[in-house]
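Below: one structure, written as structure tokens.
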Amino acid sequence: MPLPVELLDKIFARHCPHCGYKMEKLGLWFQSVHRYRCEGCGQKLKMTYPEKVALFAAYGGGTENLAGSDLATCGRRTGNIDAG
Ligand SMILES: [Zn+2]
């Protein structure tokens, strides 16, 4: 099951399990990476293939409902969303 090529030039975010640092990289980078070092805490992190698939899927990879969501203009109540 290949990763969806249409997402390779999109930006994905992954949080460090140790320090919560939000790392943002291109799909292309995630596709080729196996291990990397967290830019926040310096821990060595692994990224397995299933994790890549899950990350891409979370951003709409493999689904058909990517372009149809235009609900962003429905009110501006953006608060401080704490994803901790
Ligand atoms: Zn970290």
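Following the order of the structure tokens, first chain is A, next is B, and so on, with residues numbered from 1 inside each chain and ligands from 1 in the order they appear.
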
Would you give me, as a tab-separated table, each residue of chain A having an atom within 10 Å of an atom of ligand 1, along with its shortest atom pair and that distance in Å to one decimal, using only C-alpha atoms and all ligand atoms and sorting by chain and residue number?
```
residue	atom	partner	partner_atom_place_in_ligand_line	distance
A:His15	CA	ligand 1	1 (Zn)	7.8
A:Cys16	CA	ligand 1	1 (Zn)	4.6
A:Pro17	CA	ligand 1	1 (Zn)	6.6
A:His18	CA	ligand 1	1 (Zn)	4.9
A:Cys19	CA	ligand 1	1 (Zn)	4.1
A:Gly20	CA	ligand 1	1 (Zn)	5.9
A:Tyr21	CA	ligand 1	1 (Zn)	5.3
A:Lys22	CA	ligand 1	1 (Zn)	8.4
A:Met23	CA	ligand 1	1 (Zn)	9.0
A:Arg37	CA	ligand 1	1 (Zn)	8.0
A:Cys38	CA	ligand 1	1 (Zn)	4.7
A:Glu39	CA	ligand 1	1 (Zn)	6.5
A:Gly40	CA	ligand 1	1 (Zn)	4.6
A:Cys41	CA	ligand 1	1 (Zn)	4.0
A:Gly42	CA	ligand 1	1 (Zn)	6.0
A:Gln43	CA	ligand 1	1 (Zn)	5.7
A:Lys44	CA	ligand 1	1 (Zn)	8.4
A:Leu45	CA	ligand 1	1 (Zn)	8.4
```

Exercise for the section: Have a look at CA of Ala58 in chain A and CA of Trp29 in chain A and let me know their distance in Å, one decimal. Expected result: 16.5 Å

Could you write out, as a CSV table (one decimal) with N, CA and C atoms, in the first residue's frame, all the residues of range 9-72 of chain A that DSSP marks as strand (DSSP E)?
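Saved as result22.csv:
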```csv
chain,number,residue,atom,x,y,z
A,11,ILE,N,2.2,19.8,3.8
A,11,ILE,CA,2.9,19.9,5.1
A,11,ILE,C,2.2,19.1,6.1
A,12,PHE,N,2.9,18.2,6.8
A,12,PHE,CA,2.3,17.5,7.9
A,12,PHE,C,3.0,17.8,9.2
A,13,ALA,N,2.2,17.7,10.2
A,13,ALA,CA,2.8,18.0,11.6
A,13,ALA,C,2.8,16.7,12.4
A,14,ARG,N,3.9,16.5,13.1
A,14,ARG,CA,3.9,15.4,14.0
A,14,ARG,C,4.5,15.9,15.4
A,15,HIS,N,3.9,15.4,16.4
A,15,HIS,CA,4.3,15.9,17.7
A,15,HIS,C,5.3,14.9,18.3
A,22,LYS,N,6.2,20.3,18.0
A,22,LYS,CA,5.5,20.1,16.8
A,22,LYS,C,6.4,20.3,15.6
A,23,MET,N,6.7,19.2,15.0
A,23,MET,CA,7.6,19.2,13.8
A,23,MET,C,6.7,19.2,12.6
A,24,GLU,N,7.1,20.1,11.7
A,24,GLU,CA,6.3,20.2,10.4
A,24,GLU,C,7.3,20.0,9.3
A,25,LYS,N,6.9,19.0,8.5
A,25,LYS,CA,7.7,18.6,7.3
A,25,LYS,C,6.8,18.3,6.1
A,26,LEU,N,7.4,18.3,5.0
A,26,LEU,CA,6.7,17.8,3.8
A,26,LEU,C,6.4,16.3,3.8
A,35,ARG,N,14.2,7.3,10.8
A,35,ARG,CA,14.6,7.8,12.1
A,35,ARG,C,14.9,9.3,12.0
A,36,TYR,N,14.6,10.0,13.0
A,36,TYR,CA,15.0,11.4,13.0
A,36,TYR,C,15.2,11.9,14.4
A,37,ARG,N,15.8,13.0,14.6
A,37,ARG,CA,16.0,13.6,15.9
A,37,ARG,C,15.1,14.7,16.1
A,44,LYS,N,16.1,10.8,19.8
A,44,LYS,CA,16.0,10.0,18.6
A,44,LYS,C,14.6,9.4,18.5
A,45,LEU,N,13.9,9.6,17.3
A,45,LEU,CA,12.6,9.1,17.2
A,45,LEU,C,12.5,8.2,15.9
A,46,LYS,N,11.7,7.2,16.0
A,46,LYS,CA,11.5,6.4,14.9
A,46,LYS,C,10.1,6.7,14.3
```

Practice task
Could you check how far CA of Leu3 in chain A sits from CA of Lys52 in chain A, in Å to one decimal?
Solution key: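 For CA of Leu3 in chain A relative to CA of Lys52 in chain A, the distance reads 7.9 Å.
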
Handout entry: Test item: residues at most 12 Å from Lys10 in chain A, only C-alpha atoms, excluding those fewer than 6 positions along its chain, as a ChimeraX atom specification
Key = /A:4,24-31,55-56,59-61

What does the file look like for those residues with N, CA and C atoms, as a PDB file, in the first residue's frame?
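Output file again-v4.pdb is given in full below:
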```
ATOM      1  N   PRO A   4      -0.047   8.037  -0.563  1.00  0.00           N
ATOM      2  CA  PRO A   4      -0.671   8.806  -1.643  1.00  0.00           C
ATOM      3  C   PRO A   4       0.249   9.921  -2.139  1.00  0.00           C
ATOM      4  N   GLU A  24       7.063  20.143  11.682  1.00  0.00           N
ATOM      5  CA  GLU A  24       6.317  20.240  10.429  1.00  0.00           C
ATOM      6  C   GLU A  24       7.258  19.975   9.262  1.00  0.00           C
ATOM      7  N   LYS A  25       6.888  18.997   8.467  1.00  0.00           N
ATOM      8  CA  LYS A  25       7.702  18.618   7.313  1.00  0.00           C
ATOM      9  C   LYS A  25       6.786  18.277   6.147  1.00  0.00           C
ATOM     10  N   LEU A  26       7.382  18.256   4.971  1.00  0.00           N
ATOM     11  CA  LEU A  26       6.652  17.841   3.790  1.00  0.00           C
ATOM     12  C   LEU A  26       6.352  16.344   3.830  1.00  0.00           C
ATOM     13  N   GLY A  27       5.275  15.977   3.161  1.00  0.00           N
ATOM     14  CA  GLY A  27       4.957  14.563   3.016  1.00  0.00           C
ATOM     15  C   GLY A  27       6.117  13.787   2.415  1.00  0.00           C
ATOM     16  N   LEU A  28       6.811  14.432   1.499  1.00  0.00           N
ATOM     17  CA  LEU A  28       7.973  13.809   0.873  1.00  0.00           C
ATOM     18  C   LEU A  28       9.034  13.427   1.898  1.00  0.00           C
ATOM     19  N   TRP A  29       9.200  14.299   2.874  1.00  0.00           N
ATOM     20  CA  TRP A  29      10.182  14.024   3.933  1.00  0.00           C
ATOM     21  C   TRP A  29       9.734  12.833   4.773  1.00  0.00           C
ATOM     22  N   PHE A  30       8.450  12.833   5.145  1.00  0.00           N
ATOM     23  CA  PHE A  30       7.926  11.723   5.943  1.00  0.00           C
ATOM     24  C   PHE A  30       8.014  10.405   5.176  1.00  0.00           C
ATOM     25  N   GLN A  31       7.854  10.496   3.876  1.00  0.00           N
ATOM     26  CA  GLN A  31       7.878   9.279   3.069  1.00  0.00           C
ATOM     27  C   GLN A  31       9.226   8.571   3.165  1.00  0.00           C
ATOM     28  N   LEU A  55      -0.554   8.837   9.541  1.00  0.00           N
ATOM     29  CA  LEU A  55      -0.405  10.286   9.448  1.00  0.00           C
ATOM     30  C   LEU A  55      -1.026  10.803   8.159  1.00  0.00           C
ATOM     31  N   PHE A  56      -0.711  10.138   7.064  1.00  0.00           N
ATOM     32  CA  PHE A  56      -1.253  10.557   5.773  1.00  0.00           C
ATOM     33  C   PHE A  56      -2.774  10.411   5.766  1.00  0.00           C
ATOM     34  N   TYR A  59      -4.686  13.150   7.309  1.00  0.00           N
ATOM     35  CA  TYR A  59      -4.765  14.361   6.500  1.00  0.00           C
ATOM     36  C   TYR A  59      -5.584  14.132   5.237  1.00  0.00           C
ATOM     37  N   GLY A  60      -6.295  13.037   5.171  1.00  0.00           N
ATOM     38  CA  GLY A  60      -7.201  12.824   4.062  1.00  0.00           C
ATOM     39  C   GLY A  60      -6.663  11.955   2.953  1.00  0.00           C
ATOM     40  N   GLY A  61      -5.540  11.347   3.172  1.00  0.00           N
ATOM     41  CA  GLY A  61      -4.992  10.479   2.148  1.00  0.00           C
ATOM     42  C   GLY A  61      -5.865   9.259   1.928  1.00  0.00           C
TER      43      GLY A  61
END
```
